[in-house]
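Here's the structure, in structure tokens; my notes come after.
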Amino acid sequence: MGLTGTVEYFTDLFSSSHKHGKKKRQLNTVELKVRMDCEGCELKVKNVLSSMKGVKCVDINMKQQKVTVTGYVEPNKVLKKVQGTGKKTELWPYVPYGLVSHPYAVQAYDKRAPPGYVRNVETVTVAEHGIRQQEEQITNMFSDENPNSCSVM
């Protein structure tokens, strides 16, 4: 754990027992997609985020244009802080390829996504479910396993 971790633990332990009115913030990991062109942009974003209260760690992946912030922070505050630098910023919109049922659907596929990732979209809507049932009925109408298929043909 280290000396600084132990000191922080005891400081938090003793300080939280005296402050009854404040609620304890939860440790969060916030992932952002930030448009960065050079090392100067990277340094600017890292300095702004490191100066925020509650931030423990800032990791930047220039190749993926991804910034990961770990600490006792709120995602919206982190997003606004980075947008204040003038960089185009959004919450990380991608999920790993294996988590999406239809990764090549029009809404999910994004050619700008990093390798192994697709855009995070909701899986099946009610309208799509109704369309799929109708398609199944039509395909079953001409199936060899359907005893009434001869009457249709």
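We label chains A, B, ... in the order they appear in the structure tokens, count residues from 1 in each chain, and number ligands from 1 in the order shown.
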
message: Residues near Gln26 in chain A, anyone? I mean within 10 Å using only C-alpha atoms, not counting same-chain ones fewer than 6 positions away, as a list in words.
response: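 Once the adjacent positions are removed, what remains is Gly71, Tyr72, Val73 and Glu74 of chain A.
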
query: Near range 35-48 of chain A, within 8 Å and counting only C-alpha atoms, which residues show up once chain neighbours fewer than 3 positions away are dropped, as a list in words?
result: Ser51, Met52, Val58, Ile60, Met62, Gln65, Lys81, Val82, Thr85, Lys87, Lys88 and Thr89 of chain A

Hey, can you spit out that residue selection with all heavy atoms as a short mmCIF file (atom, residue, chain, number, x, y, z; two decimals), in the first residue's frame?
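Full text of result05.cif as output:
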data_model
loop_
_atom_site.label_atom_id
_atom_site.label_comp_id
_atom_site.auth_asym_id
_atom_site.auth_seq_id
_atom_site.Cartn_x
_atom_site.Cartn_y
_atom_site.Cartn_z
N SER A 51 -5.15 19.09 -12.24
CA SER A 51 -5.38 20.16 -11.29
C SER A 51 -6.76 20.09 -10.62
O SER A 51 -7.00 20.79 -9.65
CB SER A 51 -5.23 21.52 -11.98
OG SER A 51 -6.29 21.72 -12.90
N MET A 52 -7.64 19.24 -11.14
CA MET A 52 -8.98 19.10 -10.55
C MET A 52 -8.89 18.44 -9.18
O MET A 52 -8.09 17.53 -8.97
CB MET A 52 -9.89 18.24 -11.44
CG MET A 52 -10.45 18.94 -12.63
SD MET A 52 -11.58 17.89 -13.55
CE MET A 52 -12.95 17.82 -12.44
N VAL A 58 -4.53 10.30 -14.27
CA VAL A 58 -4.95 10.68 -15.61
C VAL A 58 -4.10 9.89 -16.61
O VAL A 58 -2.88 10.00 -16.60
CB VAL A 58 -4.77 12.20 -15.86
CG1 VAL A 58 -5.15 12.55 -17.29
CG2 VAL A 58 -5.57 13.00 -14.87
N ILE A 60 -3.61 9.03 -20.74
CA ILE A 60 -3.98 9.50 -22.08
C ILE A 60 -3.40 8.55 -23.11
O ILE A 60 -2.23 8.21 -23.08
CB ILE A 60 -3.45 10.93 -22.32
CG1 ILE A 60 -4.13 11.89 -21.34
CG2 ILE A 60 -3.71 11.35 -23.75
CD1 ILE A 60 -3.69 13.32 -21.46
N MET A 62 -2.98 8.63 -26.95
CA MET A 62 -3.08 9.50 -28.12
C MET A 62 -3.57 8.75 -29.35
O MET A 62 -4.31 9.31 -30.16
CB MET A 62 -1.71 10.12 -28.43
CG MET A 62 -1.38 11.30 -27.56
SD MET A 62 -2.31 12.77 -28.00
CE MET A 62 -1.54 13.21 -29.54
N GLN A 65 -7.19 8.47 -29.00
CA GLN A 65 -7.80 9.75 -28.62
C GLN A 65 -8.64 9.56 -27.36
O GLN A 65 -9.73 10.11 -27.23
CB GLN A 65 -8.67 10.31 -29.75
CG GLN A 65 -7.96 10.52 -31.06
CD GLN A 65 -7.11 11.78 -31.05
OE1 GLN A 65 -7.61 12.85 -30.79
NE2 GLN A 65 -5.84 11.64 -31.35
N LYS A 81 -14.68 20.42 -17.81
CA LYS A 81 -13.32 20.93 -17.59
C LYS A 81 -12.48 20.77 -18.85
O LYS A 81 -11.75 21.68 -19.24
CB LYS A 81 -12.68 20.18 -16.41
CG LYS A 81 -11.41 20.79 -15.92
CD LYS A 81 -11.69 22.01 -15.09
CE LYS A 81 -10.45 22.42 -14.34
NZ LYS A 81 -10.66 23.56 -13.50
N VAL A 82 -12.60 19.62 -19.51
CA VAL A 82 -11.83 19.38 -20.74
C VAL A 82 -12.39 20.24 -21.88
O VAL A 82 -11.63 20.76 -22.70
CB VAL A 82 -11.83 17.89 -21.12
CG1 VAL A 82 -11.12 17.66 -22.44
CG2 VAL A 82 -11.15 17.07 -20.04
N THR A 85 -10.90 23.64 -22.37
CA THR A 85 -9.62 23.81 -23.06
C THR A 85 -9.80 24.10 -24.54
O THR A 85 -8.85 24.44 -25.23
CB THR A 85 -8.75 22.54 -22.92
OG1 THR A 85 -9.40 21.45 -23.58
CG2 THR A 85 -8.48 22.21 -21.47
N LYS A 87 -10.97 21.82 -26.69
CA LYS A 87 -10.87 20.55 -27.43
C LYS A 87 -12.26 19.95 -27.62
O LYS A 87 -13.12 20.06 -26.75
CB LYS A 87 -9.99 19.54 -26.67
CG LYS A 87 -8.62 20.04 -26.34
CD LYS A 87 -7.80 20.18 -27.58
CE LYS A 87 -6.44 20.78 -27.26
NZ LYS A 87 -5.92 21.52 -28.38
N LYS A 88 -12.45 19.29 -28.77
CA LYS A 88 -13.71 18.59 -29.01
C LYS A 88 -13.73 17.36 -28.11
O LYS A 88 -12.85 16.51 -28.20
CB LYS A 88 -13.82 18.19 -30.47
CG LYS A 88 -15.13 17.56 -30.84
CD LYS A 88 -15.21 17.23 -32.30
CE LYS A 88 -16.53 16.54 -32.59
NZ LYS A 88 -16.61 16.09 -33.97
N THR A 89 -14.73 17.27 -27.24
CA THR A 89 -14.76 16.23 -26.21
C THR A 89 -16.13 15.62 -26.09
O THR A 89 -17.15 16.30 -26.21
CB THR A 89 -14.40 16.85 -24.84
OG1 THR A 89 -13.18 17.57 -24.96
CG2 THR A 89 -14.23 15.78 -23.79
#

query: In terms of the shortest atom-to-atom distance over only C-alpha atoms, which of A:Ala113, A:Val118, A:Val78, A:Val34 is closest to Glu90 in chain A?
result: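 Ranked by minimum distance to Glu90 in chain A, first place goes to A:Val34.
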
- prompt: In Å to one decimal, how far is CA of Lys80 in chain A from CA of Lys53 in chain A?
  reply: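 Result for CA of Lys53 in chain A versus CA of Lys80 in chain A: 14.0 Å, one decimal.
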
Counting only C-alpha atoms, the residue of A:Phe14, A:Tyr94, A:Tyr9, A:Tyr117 that sits nearest Lys33 in chain A: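 The closest residue to Lys33 in chain A is A:Tyr94.
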
- request: Work out how far apart CA of Leu49 in chain A and CA of Asn28 in chain A are and give it in Å to one decimal.
  value: 13.9 Å

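Between CA of Thr29 in chain A and CA of Asp12 in chain A there is a distance of 19.7 Å.
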
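Distances to Lys63 in chain A were evaluated for A:Asp110, A:Pro115, A:Leu99, A:Thr6 using only C-alpha atoms, and the minimum falls at A:Pro115.
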